[in-house]
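This report refers to the structure that appears directly beneath it.
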Amino acid sequence: MLLILLNSVVVHAVHALRAAMFAQTRPALPKRTGSAHGPRILLLVHARTNGKTIISVEVALERTGGQVIRITERSKAEQLVRRWDPEVLVLLGWSATTSDWVRHLQFAPRAGDLPFLVVGNSAEEDHEETHAVAALEVGAQAYIPASMGPEILTAQVCGLLKKLRTQAPARVVKEENLCIDLVSLRVWILGQEIHLPRRLFYLLYYFATHPDEVISNDQIADILWEGKGTYLAPNTLVVKIYRLRKILESVGAKSWLETVHSFGYRFSPPKNT
């Protein structure tokens with residue numbers, strides 16, 4: 001009996017060690033702060049920006065009630081635009097190459113209508129007028145000089161988010177066969193209301209807003225654990241997908257979620273006719 005108990009302890013320790021090693025080798029996720037399900041705000045920071053300014057801007061954005069992801073590399077920002085689908089892009093700092101990058105981004109999938117605004121960098125105050133003109137010429141909603149303070153930024157972002165909600169209620173996915181309302185947290189499929197646990201609700205919402213795309217296991221793990229970098233065992237992910245499939249099956253929509261072997265999963269609800 002003692003040997004069995006010792007063997008069980010050793011096996012458990014090995015699994016824990018493997019999980020810890022996996023978590024350490026997994027690429028670090030971007031810094032995310034703020035409300036887990038508020039407006040999604042992507043903050044791209046110029047390399048020359050000092051730490052005090054970064055913190056001040058980040059706190060100002062958090063005051064909007066949104067969730068903020070801070071990034072310093074443009075390539076990663078482009079990936080997040082596709083994967084995370086932010087509602088607002090905030091550029092902290094400007095450079096001679098930023099205009100070309102913004103034009104490039106506007107041709108990327110899901111980025112063509114992404115509103116953005118620019119916050120000036122105190123280290124570049126001598127060039128702020130030139131930067132402001134360049135930013136506005138490529139479509140910035142606003143250029144906020146560094147000297148104006150964080151309160152102006154908070155007000156500008158809040159106003160922009162309010163305007164976006166008024167113009168297009170993007171928080172609702174509404175098709176003939178599927179309706180997801182992020183305000184009331186309710187889901188209807190084929191005319192029937194279904195009830196989902198919180199994590200599955202947001203996973204289904206992500207699938208619904210990325211139809212016919214292959215979503216990888218890593219992406220699903222980030223959605224389920226809200227980007228916190230928590231280790232997610234493969235069996236846990238399989239169980240979550242299984243539960244979602246069973247719920248879809250209960251209303252006749254099991255075939256909407258398919259496995260793409262060695263890649264991930266694809267959500268393909270029937271198209272409206």
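Going by the structure tokens order, chains are called A, B, ..., each with residues numbered from 1, while ligands are numbered from 1 in the order shown.
Using only C-alpha atoms, the protein and nucleic acid residues lying no more than 8 Å from segment 143-155 of chain A, apart from those fewer than 2 places from it along its own chain, are Ser56, Val57, Ala60, Leu61, Arg63, Thr64, Leu117, Val118, Val119, Gly120, Asn121, Ser122, Glu125, Glu128, Ala132, Ala135, Leu136, Ala140, Gln141, Val157, Cys158 and Gly159 of chain A.
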Apply DSSP to the structure's backbone, then extract all residues of segment 106-208 of chain A labelled helix (DSSP H, G or I) and return them as an MDAnalysis selection string. chainID A and resid 106 122:137 146:148 150:167 198:208
Contacts of Asn217 of chain A at 10 Å or less, counting only C-alpha atoms, minus same-chain residues fewer than 2 places along, as number ranges by chain? A: 214-215, 219-223, 232, 234, 237-238, 262-265
If you run DSSP on the backbone here, which positions in segment 89-269 of chain A get strand (DSSP E or B)? Please write them as a ChimeraX atom specification. /A:89-92,116-119,143-144,172-174,178-181,186-189,192-194,214-216,257-260,264-267
Leaving out Phe267 of chain A and any residue of its chain fewer than 5 positions from it, which residues lie within 10 Å of it when counting only C-alpha atoms, given as number ranges by chain? A: 204, 206-215, 255-259
Please compute the atom CA of Arg199 of chain A-atom CA of Arg186 of chain A distance, one decimal, in Å.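 A separation of 13.3 Å between them.
One distance worth recording is that between atom CA of His195 of chain A and atom CA of Ile41 of chain A, which is 28.2 Å.
Counting only C-alpha atoms, Tyr205 of chain A has the following residues at most 10 Å away, ignoring those fewer than 3 positions along the same chain: Arg171, Val172, Val173, Cys179, Ile180, Asp181, Leu182, Val187, Arg199, Leu200, Phe201, Tyr202, Ala208, Thr209 and His210 of chain A.
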Pick the closest to Lys271 of chain A from A:Leu178, A:Leu91, A:Val133, A:Leu244: which is it, counting only C-alpha atoms?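 Of the candidates, the smallest distance to Lys271 of chain A is held by A:Leu178.
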In terms of only C-alpha atoms, the residue from A:Ser268, A:Val239, A:Thr130, A:Lys163 at minimal distance from Asn177 of chain A is A:Ser268
